[in-house]
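Notes follow once the structure below has been shown.
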Amino acid sequence: MHIVIINGPNLNLLGTRAPEIYGSTTLQDVEEMCTRWAEEVGATITAYQSNHEGDLIDRLQRSSSVDGIVINPGAFTHYSYAIRDAIEAIPVPTVEVHISNIHDREPWRRTSVVSDVCVATIFGRGVDGYRDAIRHIAARAAWPAETIPYGPARDEVADLRVPPTAGPHPVVVLIHGGFWRETVGRDLLDGIAIDLTRRGWATWNIEYPRIGSGGDRVTTPAAVETAIRSLAAIAEDRNLDLSRMIVIGCGSGGYLAIRSAAEEHEPRFRALVGLAPIGDLEAADHAAVGDGAVAAFMQGPSGDESERYAAPSSDETLPLGIPLLVVHGDRDDRIPVELSRSFVGRAADLGDTVVYHEFEGVGHDVLIDPESTAWQTVADEIDRFRR
Ligand code: CA2
């Protein structure tokens, strides 16, 4: 697999100025890091930078037979229809990357004229965004996903992966975490989505509006619910068995999974799986997880402090009446393990059937690393819900 990395105007200055926005890594460092990240997924790269629009277009046109392109078009992002057309003209999955959070700066940076011809847009993750883009291209190559909109907004899409077997296929709904921040997306779960699809599950990896892009305690759970209900419209065509559907929520996505499991939709989920889930917003707020994200999410659209606790807490969503599988690493430095301990205790007290695993010496991200022992243990347990 060969991936071309293209950087546009002024990115040759990386690491020399504006470190508060772009960090202190130089372009040469980034390109070397890309070489290593590509090696990890069995790929090679060619890296290219230019300050000239026409050069970037020529380079895109010459890349029409590679396996993927990672492009940071620099300021051309915001107005170059010529670069947009060049990306559209080549049949290569292209991921748009921005080091900074372009949605949280000058208003003119919020517009990207290339986003809708790219398979993904990654922004605000610093230079790690290039790593995630390379991984995303590799994941799409390993197991292609069909990205299907479930609503009109940019974030109202989900990736469907279906096993090659005859079916009907049981379904896993995946809800990613990231403290509902718009810089974190569903690409985080590509690896476990592919592992589950290999195991015989159809996977529905949901994107949803997050804080800063129209998401809050009201709109985000509503969008997730729409995403889940929208499966009914494609179930027959894709041979999905919605009577064998489970939901997995990771971290803050765990809260969304719980809200959705508490909804009265038919058929109900067969089980809920929480990977270091936020089970209770109030408890998470008190534990100050996510550096203020919980408070921002809870306050909702009005920003009114008095509405802070208007989102249902676990006492209102429990018992769920379906089996719960909750796992948490005792070295989790993002969502403290105590939150899961009290959540599962509460669920069991209220009558839910709960299986709880605490993994010793395990941190937060390990749970969504498809190669980790922790994930393989979880996945084996999840497989039991298929029958
Ligand atoms: O955040 C990004 O990666 C950007 O694509 C970077 C572009 C900017 O025009 C986009 O709006 C967002 C290029 C900025 C590079 O400019 C520098 C200036 C001084 C020092 C280093 C880089």
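Just remember, in the structure tokens the first chain shown is A, the second B, etc., residues are 1-based per chain, and ligands are 1-based in the order shown.
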Mind the document's chain letters and residue numbers, and return as a ChimeraX atom specification the residues of region 22-89 of chain A that DSSP labels strand (DSSP E or B).
/A:44-49,68-72
Give as a list in words the residues surrounding ligand 1 up to a distance of 7 Å, considering only C-alpha atoms and all ligand atoms.
Pro9, Asn10, Leu11, Leu13, Leu14, Gly15, Thr16, Arg17, Ala18, Tyr22, Asn72, Pro73, Gly74, Ala75, Thr77, Val97, His98, Ile99, Ser100, Asn101, Ile102, Arg109 and Phe123 of chain A
Excluding same-chain residues fewer than 4 positions from Ile192 (chain A), what lies within 7 Å of it counting only C-alpha atoms, as a PyMOL selection string?
chain A and resi 196+368-370
Where does DSSP see helix (DSSP H, G or I) in region 147-357 of chain A, if you list the residues as number ranges by chain?
A: 186-198, 219-229, 231-238, 252-262, 281-286, 289-299, 305-307, 314-317, 337-349
Put those residues in a file: C-alpha atoms, as a short mmCIF file (atom, residue, chain, number, x, y, z; two decimals), in the first residue's frame.
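result-v1.cif was written with the following content:
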data_model
loop_
_atom_site.label_atom_id
_atom_site.label_comp_id
_atom_site.auth_asym_id
_atom_site.auth_seq_id
_atom_site.Cartn_x
_atom_site.Cartn_y
_atom_site.Cartn_z
CA ARG A 186 -15.63 7.68 14.67
CA ASP A 187 -12.32 6.78 12.97
CA LEU A 188 -11.22 6.01 16.55
CA LEU A 189 -13.28 2.81 16.34
CA ASP A 190 -12.24 1.66 12.84
CA GLY A 191 -10.05 -1.09 14.33
CA ILE A 192 -12.65 -2.70 16.56
CA ALA A 193 -15.35 -2.26 13.91
CA ILE A 194 -13.22 -4.29 11.50
CA ASP A 195 -12.47 -6.93 14.13
CA LEU A 196 -16.19 -7.32 14.89
CA THR A 197 -17.04 -7.52 11.18
CA ARG A 198 -14.42 -10.26 10.80
CA THR A 219 -29.35 17.15 20.23
CA THR A 220 -26.60 14.53 20.50
CA PRO A 221 -28.68 11.72 22.04
CA ALA A 222 -31.49 12.58 19.59
CA ALA A 223 -29.09 12.24 16.62
CA VAL A 224 -27.78 8.91 17.92
CA GLU A 225 -31.36 7.68 18.25
CA THR A 226 -32.09 8.72 14.64
CA ALA A 227 -28.94 6.91 13.49
CA ILE A 228 -30.09 3.71 15.18
CA ARG A 229 -33.66 3.94 13.94
CA LEU A 231 -31.09 1.03 10.27
CA ALA A 232 -34.67 -0.18 9.75
CA ALA A 233 -34.70 1.41 6.29
CA ILE A 234 -31.60 -0.44 5.09
CA ALA A 235 -31.96 -3.71 7.05
CA GLU A 236 -33.66 -5.70 4.34
CA ASP A 237 -31.39 -4.52 1.56
CA ARG A 238 -28.18 -5.20 3.53
CA SER A 252 -18.56 9.50 26.71
CA GLY A 253 -20.17 7.40 23.95
CA GLY A 254 -21.08 5.02 26.77
CA TYR A 255 -23.46 7.65 28.11
CA LEU A 256 -25.08 7.93 24.65
CA ALA A 257 -25.35 4.14 24.43
CA ILE A 258 -27.08 3.99 27.82
CA ARG A 259 -29.51 6.75 26.85
CA SER A 260 -30.29 4.91 23.65
CA ALA A 261 -30.71 1.55 25.40
CA ALA A 262 -33.21 3.22 27.74
CA LEU A 281 -23.15 12.46 33.90
CA GLU A 282 -23.48 13.94 37.37
CA ALA A 283 -20.85 11.62 38.79
CA ALA A 284 -18.56 12.38 35.83
CA ASP A 285 -19.10 16.10 36.34
CA HIS A 286 -18.22 15.82 40.02
CA VAL A 289 -13.48 14.31 33.86
CA GLY A 290 -12.77 15.63 30.37
CA ASP A 291 -11.46 19.01 31.43
CA GLY A 292 -14.84 20.77 31.57
CA ALA A 293 -16.40 18.79 28.71
CA VAL A 294 -19.09 17.22 30.87
CA ALA A 295 -20.26 20.61 32.13
CA ALA A 296 -20.29 22.02 28.58
CA PHE A 297 -22.29 19.02 27.36
CA MET A 298 -24.75 19.13 30.25
CA GLN A 299 -25.46 22.81 30.04
CA GLU A 305 -26.14 26.90 34.55
CA SER A 306 -29.54 26.07 36.03
CA GLU A 307 -30.09 23.55 33.24
CA SER A 314 -28.25 6.96 35.66
CA ASP A 315 -31.02 6.85 38.25
CA GLU A 316 -33.47 7.77 35.53
CA THR A 317 -32.09 5.45 32.85
CA VAL A 337 -12.44 3.31 37.24
CA GLU A 338 -14.50 4.28 40.30
CA LEU A 339 -17.18 5.64 37.97
CA SER A 340 -17.75 2.18 36.50
CA ARG A 341 -17.63 0.52 39.90
CA SER A 342 -20.45 2.68 41.20
CA PHE A 343 -22.41 2.54 37.93
CA VAL A 344 -22.44 -1.27 37.76
CA GLY A 345 -23.24 -1.47 41.48
CA ARG A 346 -26.23 0.79 40.95
CA ALA A 347 -27.41 -1.14 37.86
CA ALA A 348 -27.17 -4.46 39.73
CA ASP A 349 -28.99 -3.02 42.76
#
Closest atom pairs, residues of region 131-245 of chain A within 9 Å of region 59-70 of chain A, only C-alpha atoms, as JSON lines:
{"residue": "A:Ala133", "atom": "CA", "partner": "A:Val70", "partner_atom": "CA", "distance": 6.5}
{"residue": "A:Ile134", "atom": "CA", "partner": "A:Val70", "partner_atom": "CA", "distance": 7.1}
{"residue": "A:Ile137", "atom": "CA", "partner": "A:Gly68", "partner_atom": "CA", "distance": 6.1}
{"residue": "A:Ala138", "atom": "CA", "partner": "A:Gly68", "partner_atom": "CA", "distance": 8.4}
{"residue": "A:Ala141", "atom": "CA", "partner": "A:Asp67", "partner_atom": "CA", "distance": 8.0}
Let me see the file: selected residues, N, CA and C atoms, as a PDB file, in the first residue's frame.
ATOM      1  N   ALA A 133      -4.985   9.819  10.032  1.00  0.00           N
ATOM      2  CA  ALA A 133      -5.399   9.775   8.625  1.00  0.00           C
ATOM      3  C   ALA A 133      -4.803   8.544   7.931  1.00  0.00           C
ATOM      4  N   ILE A 134      -3.519   8.272   8.206  1.00  0.00           N
ATOM      5  CA  ILE A 134      -2.869   7.085   7.614  1.00  0.00           C
ATOM      6  C   ILE A 134      -3.582   5.819   8.087  1.00  0.00           C
ATOM      7  N   ILE A 137      -6.944   5.419   6.329  1.00  0.00           N
ATOM      8  CA  ILE A 137      -6.816   4.913   4.953  1.00  0.00           C
ATOM      9  C   ILE A 137      -6.542   3.412   4.973  1.00  0.00           C
ATOM     10  N   ALA A 138      -5.662   2.980   5.888  1.00  0.00           N
ATOM     11  CA  ALA A 138      -5.351   1.546   5.987  1.00  0.00           C
ATOM     12  C   ALA A 138      -6.599   0.759   6.385  1.00  0.00           C
ATOM     13  N   ALA A 141      -8.872   0.360   3.521  1.00  0.00           N
ATOM     14  CA  ALA A 141      -8.350  -0.611   2.562  1.00  0.00           C
ATOM     15  C   ALA A 141      -8.558  -2.034   3.082  1.00  0.00           C
TER      16      ALA A 141
END
Counting only C-alpha atoms, which residues of region 109-228 of chain A sit at most 12 Å from some atom of region 329-335 of chain A, and what is each one's closest atom pair with its distance in Å to one decimal, listed by chain and rising residue number, as a tab-separated table?
residue	atom	partner	partner_atom	distance
A:Gly177	CA	A:Ile335	CA	10.9
A:Gly178	CA	A:Arg334	CA	9.9
A:Phe179	CA	A:Arg334	CA	9.8
Could you turn the residues from that selection into a file that holds all heavy atoms, as a short mmCIF file (atom, residue, chain, number, x, y, z; two decimals), in the first residue's frame?
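File produced: result.cif:
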data_model
loop_
_atom_site.label_atom_id
_atom_site.label_comp_id
_atom_site.auth_asym_id
_atom_site.auth_seq_id
_atom_site.Cartn_x
_atom_site.Cartn_y
_atom_site.Cartn_z
N GLY A 177 -16.14 7.65 21.74
CA GLY A 177 -16.01 8.60 22.83
C GLY A 177 -15.27 9.85 22.39
O GLY A 177 -15.30 10.22 21.21
N GLY A 178 -14.58 10.48 23.34
CA GLY A 178 -13.85 11.72 23.03
C GLY A 178 -14.47 12.93 23.70
O GLY A 178 -14.26 14.06 23.25
N PHE A 179 -15.28 12.66 24.77
CA PHE A 179 -15.91 13.76 25.53
C PHE A 179 -16.74 14.68 24.66
O PHE A 179 -16.78 15.89 24.88
CB PHE A 179 -14.84 14.56 26.32
CG PHE A 179 -14.19 13.72 27.39
CD1 PHE A 179 -12.86 13.38 27.30
CD2 PHE A 179 -14.93 13.27 28.46
CE1 PHE A 179 -12.26 12.59 28.27
CE2 PHE A 179 -14.34 12.48 29.45
CZ PHE A 179 -13.01 12.14 29.35
#
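Comparing A:Asp128, A:Val173, A:Val378, A:Val327 by their smallest distance to Thr25 (chain A), the closest is A:Asp128 (using only C-alpha atoms).
The space separating CA of Ala202 (chain A) from CA of Arg131 (chain A) comes to 26.3 Å.
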Write out as a PDB file with N, CA, C and O atoms, in the first residue's frame the residues lying within 6 Å of Val4 (chain A), counting only C-alpha atoms and excluding same-chain residues fewer than 6 positions away.
ATOM      1  N   ILE A  45       5.204   5.709   2.094  1.00  0.00           N
ATOM      2  CA  ILE A  45       4.678   7.035   1.739  1.00  0.00           C
ATOM      3  C   ILE A  45       5.622   7.796   0.809  1.00  0.00           C
ATOM      4  O   ILE A  45       6.829   7.522   0.753  1.00  0.00           O
ATOM      5  N   THR A  46       5.043   8.753   0.113  1.00  0.00           N
ATOM      6  CA  THR A  46       5.820   9.806  -0.529  1.00  0.00           C
ATOM      7  C   THR A  46       5.269  11.109   0.037  1.00  0.00           C
ATOM      8  O   THR A  46       4.041  11.280   0.093  1.00  0.00           O
ATOM      9  N   ALA A  47       6.167  11.986   0.504  1.00  0.00           N
ATOM     10  CA  ALA A  47       5.699  13.242   1.094  1.00  0.00           C
ATOM     11  C   ALA A  47       6.073  14.410   0.188  1.00  0.00           C
ATOM     12  O   ALA A  47       7.147  14.432  -0.423  1.00  0.00           O
ATOM     13  N   ILE A  69      -4.483   9.223  -0.168  1.00  0.00           N
ATOM     14  CA  ILE A  69      -3.819  10.528  -0.086  1.00  0.00           C
ATOM     15  C   ILE A  69      -4.210  11.171   1.246  1.00  0.00           C
ATOM     16  O   ILE A  69      -5.378  11.127   1.651  1.00  0.00           O
TER      17      ILE A  69
END
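Take CA of Asp352 (chain A) and CA of Asp241 (chain A): the distance between them is 24.5 Å.
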Give me, please, the distance in Å between CA of Val117 (chain A) and CA of Ile148 (chain A), quoted to one decimal.
14.6 Å
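When only C-alpha atoms are used to compute distances to Val95 (chain A), the closest of the residues A:Pro164, A:Gly23, A:Ile5, A:Leu174 turns out to be A:Ile5.
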